[in-house]
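Student: I'm passing along input-v4.cif; it holds mmCIF, C-alpha atoms and all ligand atoms.
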```cif
data_query
loop_
_atom_site.label_atom_id
_atom_site.label_comp_id
_atom_site.auth_asym_id
_atom_site.auth_seq_id
_atom_site.Cartn_x
_atom_site.Cartn_y
_atom_site.Cartn_z
CA MET T 5 88.70 110.44 90.41
CA GLU T 6 87.58 113.07 87.95
CA VAL T 7 86.74 112.27 84.35
CA ILE T 8 86.91 114.97 81.69
CA ILE T 9 85.49 114.36 78.24
CA GLN T 10 86.82 116.61 75.51
CA PRO T 11 85.25 116.97 72.06
CA THR T 12 88.34 115.89 70.11
CA GLU T 13 91.64 114.12 70.55
CA GLU T 14 93.41 117.43 69.99
CA ALA T 15 91.46 119.09 72.81
CA ALA T 16 92.18 116.17 75.15
CA VAL T 17 95.90 116.37 74.35
CA LYS T 18 95.98 120.16 74.86
CA LEU T 19 94.22 119.92 78.21
CA THR T 20 96.66 117.24 79.38
CA ALA T 21 99.66 119.35 78.37
CA ARG T 22 98.16 122.46 79.99
CA ILE T 23 97.64 120.70 83.32
CA MET T 24 101.25 119.46 83.23
CA ALA T 25 102.53 122.92 82.29
CA ASP T 26 100.55 124.65 85.03
CA GLN T 27 101.90 122.24 87.63
CA LEU T 28 105.43 122.89 86.41
CA ARG T 29 104.97 126.66 86.51
CA ALA T 30 103.71 126.37 90.09
CA ARG T 31 106.60 124.11 91.02
CA PRO T 32 109.63 124.40 88.75
CA ASP T 33 111.41 121.46 90.40
CA MET T 34 108.57 119.05 89.60
CA VAL T 35 109.27 115.34 89.35
CA PHE T 36 107.27 114.00 86.41
CA GLY T 37 106.40 110.36 85.86
CA LEU T 38 106.24 109.95 82.08
CA ALA T 39 104.69 107.46 79.68
CA THR T 40 105.43 106.40 76.10
CA GLY T 41 103.12 105.17 73.33
CA ALA T 42 101.41 106.72 70.34
CA THR T 43 98.90 108.66 72.48
CA MET T 44 101.60 110.68 74.22
CA GLU T 45 103.44 111.88 71.12
CA ALA T 46 101.09 114.85 70.66
CA VAL T 47 101.30 115.74 74.37
CA TYR T 48 105.08 115.92 74.13
CA ALA T 49 104.88 117.97 70.92
CA GLU T 50 102.61 120.43 72.74
CA LEU T 51 104.93 120.64 75.77
CA ALA T 52 107.86 121.26 73.42
CA ARG T 53 105.87 124.03 71.73
CA MET T 54 105.14 125.62 75.11
CA CYS T 55 108.83 125.43 76.02
CA ARG T 56 109.76 127.12 72.72
CA GLU T 57 106.99 129.72 72.46
CA GLU T 58 105.75 130.28 76.01
CA ALA T 59 108.99 129.97 78.00
CA LEU T 60 107.83 126.84 79.81
CA ASP T 61 110.93 126.00 81.81
CA PHE T 62 112.01 122.41 82.47
CA SER T 63 115.52 123.32 83.62
CA ASN T 64 114.86 122.24 87.22
CA ALA T 65 112.43 119.43 86.47
CA LYS T 66 113.17 115.73 86.79
CA SER T 67 111.50 112.76 85.13
CA PHE T 68 111.10 109.03 85.61
CA ASN T 69 109.57 106.93 82.87
CA LEU T 70 107.22 104.09 83.57
CA ASP T 71 109.00 101.37 81.65
CA GLU T 72 111.66 100.18 79.24
CA TYR T 73 112.15 97.07 77.11
CA ILE T 74 114.75 94.60 78.33
CA GLY T 75 117.57 94.12 75.83
CA LEU T 76 117.23 97.29 73.76
CA PRO T 77 120.11 99.79 73.90
CA ALA T 78 119.32 103.51 74.18
CA GLU T 79 120.18 104.10 70.52
CA ASP T 80 117.68 101.48 69.30
CA LYS T 81 114.78 103.37 67.71
CA ASN T 82 112.28 101.21 69.61
CA SER T 83 113.78 101.77 73.05
CA TYR T 84 111.78 104.09 75.24
CA ARG T 85 114.96 106.11 75.92
CA TYR T 86 115.12 106.81 72.18
CA TYR T 87 111.37 107.63 72.08
CA MET T 88 111.68 110.07 75.00
CA ASP T 89 114.80 111.79 73.64
CA HIS T 90 113.21 112.10 70.21
CA HIS T 91 109.70 113.20 71.23
CA LEU T 92 110.48 115.28 74.31
CA PHE T 93 113.86 115.58 75.96
CA ASN T 94 115.74 116.84 72.86
CA ASN T 95 113.01 119.46 72.34
CA ILE T 96 112.79 121.00 75.82
CA ASN T 97 115.35 122.45 78.21
CA ILE T 98 115.38 119.56 80.68
CA LYS T 99 118.83 118.37 81.80
CA LYS T 100 119.38 114.88 80.36
CA SER T 101 120.98 113.88 83.67
CA ASN T 102 117.62 114.57 85.33
CA THR T 103 115.76 112.16 83.03
CA HIS T 104 115.47 108.54 84.10
CA LEU T 105 114.32 105.29 82.57
CA PRO T 106 114.97 101.76 83.76
CA ASN T 107 118.19 100.43 82.25
CA GLY T 108 117.06 97.83 79.72
CA MET T 109 120.68 96.75 79.17
CA THR T 110 121.57 96.06 82.79
CA ASP T 111 123.43 92.87 83.72
CA ASP T 112 121.56 92.83 87.02
CA ILE T 113 117.89 92.25 86.17
CA PRO T 114 116.71 91.52 89.75
CA GLY T 115 118.63 94.58 91.02
CA GLU T 116 117.25 97.09 88.50
CA GLY T 117 113.81 97.49 90.08
CA PRO T 118 115.10 98.29 93.60
CA ARG T 119 117.73 100.63 92.09
CA TYR T 120 115.02 102.52 90.17
CA GLU T 121 112.75 102.70 93.22
CA ALA T 122 115.64 104.13 95.26
CA ALA T 123 116.29 106.78 92.60
CA ILE T 124 112.61 107.84 92.64
CA LYS T 125 112.70 108.06 96.42
CA ALA T 126 115.94 110.07 96.40
CA ALA T 127 114.26 112.58 94.04
CA GLY T 128 111.45 113.05 96.57
CA GLY T 129 108.87 110.86 94.81
CA ILE T 130 106.80 111.55 91.71
CA ASP T 131 104.64 114.68 91.78
CA LEU T 132 102.63 114.05 88.65
CA GLN T 133 102.38 110.72 86.86
CA LEU T 134 101.20 110.78 83.26
CA LEU T 135 99.50 107.52 82.23
CA GLY T 136 98.06 105.94 79.12
CA ILE T 137 96.27 102.61 79.06
CA GLY T 138 97.05 99.51 77.00
CA GLN T 139 94.42 97.50 75.19
CA ASP T 140 94.77 94.81 77.87
CA GLY T 141 94.26 97.42 80.61
CA HIS T 142 97.89 97.75 81.57
CA ILE T 143 99.42 100.88 83.06
CA GLY T 144 103.14 100.92 82.47
CA PHE T 145 103.77 97.31 81.54
CA ASN T 146 101.75 95.99 84.47
CA GLU T 147 100.08 93.20 82.59
CA PRO T 148 97.02 91.30 83.90
CA LEU T 149 97.57 89.74 87.34
CA SER T 150 100.23 92.28 88.30
CA SER T 151 99.94 92.72 92.04
CA LEU T 152 98.18 95.97 92.88
CA SER T 153 101.01 96.62 95.33
CA SER T 154 103.84 95.68 92.93
CA ARG T 155 107.04 97.72 92.66
CA THR T 156 109.43 98.25 89.75
CA ARG T 157 110.51 94.90 88.34
CA ASP T 158 110.88 92.87 85.15
CA LYS T 159 107.70 91.56 83.60
CA SER T 160 106.71 89.26 80.71
CA LEU T 161 104.54 91.00 78.14
CA THR T 162 101.18 89.58 77.06
CA PRO T 163 100.24 88.51 73.52
CA VAL T 164 97.85 91.52 73.42
CA THR T 165 100.70 93.90 74.17
CA TYR T 166 102.88 92.04 71.68
CA ARG T 167 100.23 92.57 68.97
CA GLN T 168 99.77 96.23 69.97
CA ASN T 169 103.47 97.13 69.99
CA SER T 170 105.25 94.74 67.60
CA ILE T 171 103.96 96.77 64.64
CA TYR T 172 106.72 99.27 65.47
CA PHE T 173 109.46 96.64 65.16
CA ASN T 174 111.10 95.44 62.00
CA PRO T 175 110.72 92.51 61.89
CA PRO T 176 107.81 92.41 64.40
CA GLU T 177 109.29 89.27 66.01
CA SER T 178 112.28 91.31 67.19
CA MET T 179 110.12 93.00 69.84
CA PRO T 180 111.42 92.02 73.29
CA ARG T 181 109.02 89.84 75.28
CA ARG T 182 110.09 91.34 78.61
CA ALA T 183 110.33 94.80 80.06
CA PHE T 184 111.04 96.66 83.24
CA THR T 185 108.06 98.54 84.60
CA MET T 186 107.21 100.62 87.61
CA GLY T 187 104.81 98.59 89.71
CA VAL T 188 101.16 99.43 90.30
CA GLY T 189 102.16 100.34 93.86
CA THR T 190 104.92 102.62 92.54
CA ILE T 191 102.39 104.40 90.30
CA LEU T 192 99.90 104.78 93.16
CA ASP T 193 102.61 106.50 95.23
CA ALA T 194 102.62 109.46 92.81
CA LYS T 195 101.06 112.55 94.37
CA ARG T 196 98.85 113.12 91.37
CA ILE T 197 97.90 111.05 88.31
CA VAL T 198 96.76 112.31 84.92
CA MET T 199 95.57 109.59 82.53
CA LEU T 200 94.99 110.39 78.85
CA VAL T 201 92.99 108.01 76.67
CA THR T 202 91.88 108.68 73.10
CA GLY T 203 90.27 106.76 70.27
CA LYS T 204 87.46 104.26 70.03
CA ARG T 205 89.75 101.20 70.27
CA LYS T 206 90.22 102.13 73.96
CA ALA T 207 86.52 102.80 74.76
CA ASP T 208 85.82 99.35 76.16
CA ILE T 209 88.92 98.95 78.32
CA VAL T 210 88.82 102.49 79.72
CA ALA T 211 85.17 102.07 80.75
CA LYS T 212 86.20 98.94 82.68
CA ALA T 213 89.15 100.79 84.21
CA ILE T 214 87.07 103.75 85.40
CA GLU T 215 83.70 102.21 86.21
CA GLY T 216 84.38 98.49 86.63
CA PRO T 217 85.36 96.56 89.76
CA ILE T 218 88.97 96.85 90.92
CA THR T 219 90.90 93.80 89.77
CA SER T 220 94.50 92.83 89.11
CA MET T 221 93.22 91.47 85.78
CA ILE T 222 93.01 95.12 84.66
CA SER T 223 95.82 96.98 86.39
CA ALA T 224 94.39 100.37 85.36
CA THR T 225 91.46 99.80 87.73
CA ALA T 226 93.94 100.46 90.56
CA ILE T 227 93.80 104.19 89.87
CA GLN T 228 90.33 104.12 91.48
CA MET T 229 92.19 103.80 94.80
CA HIS T 230 94.26 106.95 94.23
CA PRO T 231 93.00 110.16 95.87
CA HIS T 232 94.01 112.56 93.13
CA VAL T 233 93.36 111.29 89.59
CA VAL T 234 92.12 113.05 86.48
CA VAL T 235 91.23 110.94 83.42
CA ILE T 236 91.04 112.94 80.20
CA LEU T 237 89.25 111.36 77.24
CA ASP T 238 88.07 112.30 73.80
CA GLU T 239 84.47 111.52 72.80
CA ALA T 240 85.48 108.30 71.04
CA ALA T 241 87.25 106.86 74.09
CA ALA T 242 84.42 107.99 76.40
CA ALA T 243 81.69 106.29 74.35
CA ASN T 244 81.11 103.35 76.73
CA LEU T 245 81.08 105.27 80.03
CA LYS T 246 77.81 105.00 81.94
CA GLU T 247 78.11 108.21 83.96
CA GLN T 248 78.98 110.57 81.13
CA GLU T 249 76.32 113.06 82.10
CA TYR T 250 77.75 113.41 85.60
CA TYR T 251 81.34 113.81 84.33
CA ARG T 252 80.27 116.49 81.88
CA TRP T 253 78.27 118.31 84.55
CA THR T 254 81.21 118.26 86.96
CA PHE T 255 83.67 119.66 84.44
CA ALA T 256 81.20 122.36 83.41
CA ASN T 257 80.47 123.45 86.98
CA GLU T 258 83.41 122.81 89.30
CA PRO T 259 85.27 126.08 89.97
CA CYS T 260 88.65 124.33 89.86
CA TRP T 261 88.11 123.72 86.13
CA ASP T 262 87.08 127.33 85.34
CA ARG T 263 90.40 128.19 83.73
CA TYR T 264 90.45 125.06 81.59
CA ARG T 265 87.04 125.36 79.95
P1 LIG T 301 99.32 103.69 72.99
O1 LIG T 301 99.88 102.84 74.24
O2 LIG T 301 99.32 105.14 73.42
O3 LIG T 301 100.33 103.41 71.92
O4 LIG T 301 97.96 103.19 72.71
C1 LIG T 301 99.38 103.02 75.52
C2 LIG T 301 99.84 101.91 76.44
O5 LIG T 301 100.05 100.76 75.98
O6 LIG T 301 99.97 102.17 77.66
#
```
Once more with this new file: its structure as structure tokens, please.

Tutor:
Amino acid sequence: MEVIIQPTEEAAVKLTARIMADQLRARPDMVFGLATGATMEAVYAELARMCREEALDFSNAKSFNLDEYIGLPAEDKNSYRYYMDHHLFNNINIKKSNTHLPNGMTDDIPGEGPRYEAAIKAAGGIDLQLLGIGQDGHIGFNEPLSSLSSRTRDKSLTPVTYRQNSIYFNPPESMPRRAFTMGVGTILDAKRIVMLVTGKRKADIVAKAIEGPITSMISATAIQMHPHVVVILDEAAAANLKEQEYYRWTFANEPCWDRYR
């Protein structure tokens, strides 16, 4: 794992988008694993800007999102399909048919996970998985006690997640209590992971995820087992990390980061 601390949220967002863009330029038929949430909105705005102003080309790219609420149709403003269309897909030249989210309206809840896994496999697997982290340490909607080898399935959401996300619903009680999510094992199968975490409200949980013991109580700790992870933080989110000096030294000195400094 590499940890990069950027001076501001804006710098952390720009670095994340640049890494994604560089991977896409190197491999135009990239398969992205994508995340939703407030943190990612600025990343998607930056990717859309690059598509518009710098000819970043998504025409051969594919995407699979981490998760989707169960029971929300695509046109519901709180569905993750709506979020992705609004923040990214409508603003770049990706083919909509190449964008995938679990089907929150399926009649076959037990069948949706295996169907989604098969679609990821048929696309050749995920090349780069973008991740955020929830206040309870979830990645995707892998709430505490999710098996570290879990696959895409339906999951009950925790009260912490309910409090974090129900603010977007009107009324808040209309937030679904269940969602489909890629499993921790699905996420770990991605060839590369980029996690972006900003803001001081995440400082405690991200320190546990990066430097704490691996535990299914904090599914984000599983990324410690992945061979190719970069975690990008702003100063506020990095505040509780013990090895900050080492992370800063590495980013300042490793030749692979030369072009990003
Ligand atoms: P946030 O969500 O970006 O809205 O904080 C992240 C998450 O819950 O994974």

Student: Using only C-alpha atoms and all ligand atoms, which residues of the polymer chains come no farther than 10 Å from ligand LIG 301 (chain T)? I'd like the answer as a PyMOL selection string.

Tutor: chain T and resi 39-45+70-71+135-146+164-165+168-169+172+199-203+205-206+224

Student: Which residue gives the smallest distance to T:Met5 among T:Arg252, T:Ile197, T:Lys246, T:Val210, with all atoms listed in the file counted?

Tutor: T:Ile197

Student: Point out the residue among T:Asn64, T:Ser83, T:Gln228, T:Ser150 with the least atom-to-atom distance to T:Ile96, counting only C-alpha atoms.

Tutor: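 Ranking T:Asn64, T:Ser83, T:Gln228, T:Ser150 by distance to T:Ile96, first place goes to T:Asn64.
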
Student: Between T:Ile236, T:Ile191, T:Met88, T:Leu132, which one has atoms that come closest to T:Gln27, using all atoms listed in the file?

Tutor: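 Ranking T:Ile236, T:Ile191, T:Met88, T:Leu132 by distance to T:Gln27, first place goes to T:Leu132.
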
Student: Could you give me, as an MDAnalysis selection string, the residues that sit within 7 Å of (88.6, 111.4, 82.6) in the file's coordinates, counting all atoms listed in the file?

Tutor: chainID T and resid 6:9 234:237

Student: Skipping near chain neighbours, those fewer than 5 positions away, what residues fall within 10 Å of T:Arg155 using only C-alpha atoms, listed as number ranges by chain?

Tutor: T: 117-118, 120-121, 146, 150, 185-191

Student: Check the smallest atom-to-atom distance from each of T:Gln248, T:Pro32, T:Leu105, T:Tyr48 to T:Lys18 using only C-alpha atoms, then report the winner.

Tutor: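 Comparing T:Gln248, T:Pro32, T:Leu105, T:Tyr48 against T:Lys18, the winner is T:Tyr48.
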
Student: Applying 9 Å and only C-alpha atoms, which residues near T:His230 remain after dropping the ones on its own chain fewer than 2 positions away? List them as a PyMOL selection string.

Tutor: chain T and resi 5+192-197+226-228+232-233

Student: Select, from T:Asp208, T:Glu72, T:Glu215, T:Glu249, the residue with the minimum atom-to-atom distance to T:Phe184, counting all atoms listed in the file.

Tutor: T:Glu72

Student: Distance atom CA of T:Asn257-atom CA of T:Ala49, one decimal place?

Tutor: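 Interatomic distance, atom CA of T:Asn257 to atom CA of T:Ala49: 29.7 Å.
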
Student: In terms of the shortest atom-to-atom distance over only C-alpha atoms, which of T:Ala183, T:Ala52, T:Met34, T:Ala21 is closest to T:Asp89?

Tutor: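 Distance minimum relative to T:Asp89 lands on T:Ala52.
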
Student: For T:Glu116, please output as a list in words all residues within 9 Å (counting only C-alpha atoms; exclusion window: fewer than 3 positions along the same chain).

Tutor: Pro106, Asn107, Gly108, Thr110, Asp111, Asp112, Ile113, Arg119, Tyr120, Glu121, Thr156, Arg157, Asp158 and Phe184 of chain T

Student: Skipping near chain neighbours, those fewer than 4 positions away, what residues fall within 9 Å of T:Lys66 using only C-alpha atoms, listed as a PDB file with C-alpha atoms, in the coordinates of the input?

Tutor:
```
ATOM      1  CA  ASP T  33     111.410 121.460  90.400  1.00  0.00           C
ATOM      2  CA  MET T  34     108.570 119.050  89.600  1.00  0.00           C
ATOM      3  CA  VAL T  35     109.270 115.340  89.350  1.00  0.00           C
ATOM      4  CA  PHE T  36     107.270 114.000  86.410  1.00  0.00           C
ATOM      5  CA  GLY T  37     106.400 110.360  85.860  1.00  0.00           C
ATOM      6  CA  PHE T  62     112.010 122.410  82.470  1.00  0.00           C
ATOM      7  CA  ILE T  98     115.380 119.560  80.680  1.00  0.00           C
ATOM      8  CA  LYS T  99     118.830 118.370  81.800  1.00  0.00           C
ATOM      9  CA  LYS T 100     119.380 114.880  80.360  1.00  0.00           C
ATOM     10  CA  SER T 101     120.980 113.880  83.670  1.00  0.00           C
ATOM     11  CA  ASN T 102     117.620 114.570  85.330  1.00  0.00           C
ATOM     12  CA  THR T 103     115.760 112.160  83.030  1.00  0.00           C
ATOM     13  CA  HIS T 104     115.470 108.540  84.100  1.00  0.00           C
ATOM     14  CA  ALA T 127     114.260 112.580  94.040  1.00  0.00           C
TER      15      ALA T 127
END
```

Student: In Å to one decimal, how far is atom CA of T:Ile74 from atom CA of T:Met109?

Tutor: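 Taking atom CA of T:Met109 as the start and atom CA of T:Ile74 as the end point, the length is 6.4 Å.
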
Student: To one decimal in Å, tell me the separation between atom CA of T:Arg53 and atom CA of T:Glu239.

Tutor: 24.8 Å

Student: Using the atoms already present, construct N, CA, C and O atoms for stretch 206-217 of chain T and hand them back as a PDB file, in the frame of the given file.

Tutor:
```
ATOM      1  N   LYS T 206      90.004 102.188  72.507  1.00  0.00           N
ATOM      2  CA  LYS T 206      90.220 102.130  73.960  1.00  0.00           C
ATOM      3  C   LYS T 206      88.917 102.288  74.752  1.00  0.00           C
ATOM      4  O   LYS T 206      88.936 102.253  75.978  1.00  0.00           O
ATOM      5  N   ALA T 207      87.780 102.476  74.054  1.00  0.00           N
ATOM      6  CA  ALA T 207      86.520 102.800  74.760  1.00  0.00           C
ATOM      7  C   ALA T 207      86.108 101.703  75.733  1.00  0.00           C
ATOM      8  O   ALA T 207      85.687 101.983  76.859  1.00  0.00           O
ATOM      9  N   ASP T 208      86.262 100.464  75.317  1.00  0.00           N
ATOM     10  CA  ASP T 208      85.820  99.350  76.160  1.00  0.00           C
ATOM     11  C   ASP T 208      86.718  99.217  77.392  1.00  0.00           C
ATOM     12  O   ASP T 208      86.241  99.171  78.530  1.00  0.00           O
ATOM     13  N   ILE T 209      88.022  99.199  77.187  1.00  0.00           N
ATOM     14  CA  ILE T 209      88.920  98.950  78.320  1.00  0.00           C
ATOM     15  C   ILE T 209      88.908 100.135  79.299  1.00  0.00           C
ATOM     16  O   ILE T 209      88.960  99.943  80.521  1.00  0.00           O
ATOM     17  N   VAL T 210      88.795 101.356  78.788  1.00  0.00           N
ATOM     18  CA  VAL T 210      88.820 102.490  79.720  1.00  0.00           C
ATOM     19  C   VAL T 210      87.537 102.553  80.538  1.00  0.00           C
ATOM     20  O   VAL T 210      87.552 102.948  81.712  1.00  0.00           O
ATOM     21  N   ALA T 211      86.413 102.119  79.964  1.00  0.00           N
ATOM     22  CA  ALA T 211      85.170 102.070  80.750  1.00  0.00           C
ATOM     23  C   ALA T 211      85.316 101.071  81.892  1.00  0.00           C
ATOM     24  O   ALA T 211      84.904 101.331  83.030  1.00  0.00           O
ATOM     25  N   LYS T 212      85.954  99.929  81.605  1.00  0.00           N
ATOM     26  CA  LYS T 212      86.200  98.940  82.680  1.00  0.00           C
ATOM     27  C   LYS T 212      87.142  99.522  83.723  1.00  0.00           C
ATOM     28  O   LYS T 212      86.957  99.304  84.927  1.00  0.00           O
ATOM     29  N   ALA T 213      88.154 100.237  83.269  1.00  0.00           N
ATOM     30  CA  ALA T 213      89.150 100.790  84.210  1.00  0.00           C
ATOM     31  C   ALA T 213      88.532 101.828  85.137  1.00  0.00           C
ATOM     32  O   ALA T 213      88.840 101.877  86.326  1.00  0.00           O
ATOM     33  N   ILE T 214      87.630 102.654  84.607  1.00  0.00           N
ATOM     34  CA  ILE T 214      87.070 103.750  85.400  1.00  0.00           C
ATOM     35  C   ILE T 214      85.864 103.293  86.219  1.00  0.00           C
ATOM     36  O   ILE T 214      85.722 103.644  87.386  1.00  0.00           O
ATOM     37  N   GLU T 215      85.000 102.505  85.582  1.00  0.00           N
ATOM     38  CA  GLU T 215      83.700 102.210  86.210  1.00  0.00           C
ATOM     39  C   GLU T 215      83.540 100.752  86.642  1.00  0.00           C
ATOM     40  O   GLU T 215      82.545 100.406  87.278  1.00  0.00           O
ATOM     41  N   GLY T 216      84.484  99.905  86.286  1.00  0.00           N
ATOM     42  CA  GLY T 216      84.380  98.490  86.630  1.00  0.00           C
ATOM     43  C   GLY T 216      84.946  98.200  88.013  1.00  0.00           C
ATOM     44  O   GLY T 216      85.503  99.082  88.663  1.00  0.00           O
ATOM     45  N   PRO T 217      84.788  96.947  88.462  1.00  0.00           N
ATOM     46  CA  PRO T 217      85.360  96.560  89.760  1.00  0.00           C
ATOM     47  C   PRO T 217      86.894  96.544  89.712  1.00  0.00           C
ATOM     48  O   PRO T 217      87.472  96.238  88.665  1.00  0.00           O
TER      49      PRO T 217
END
```
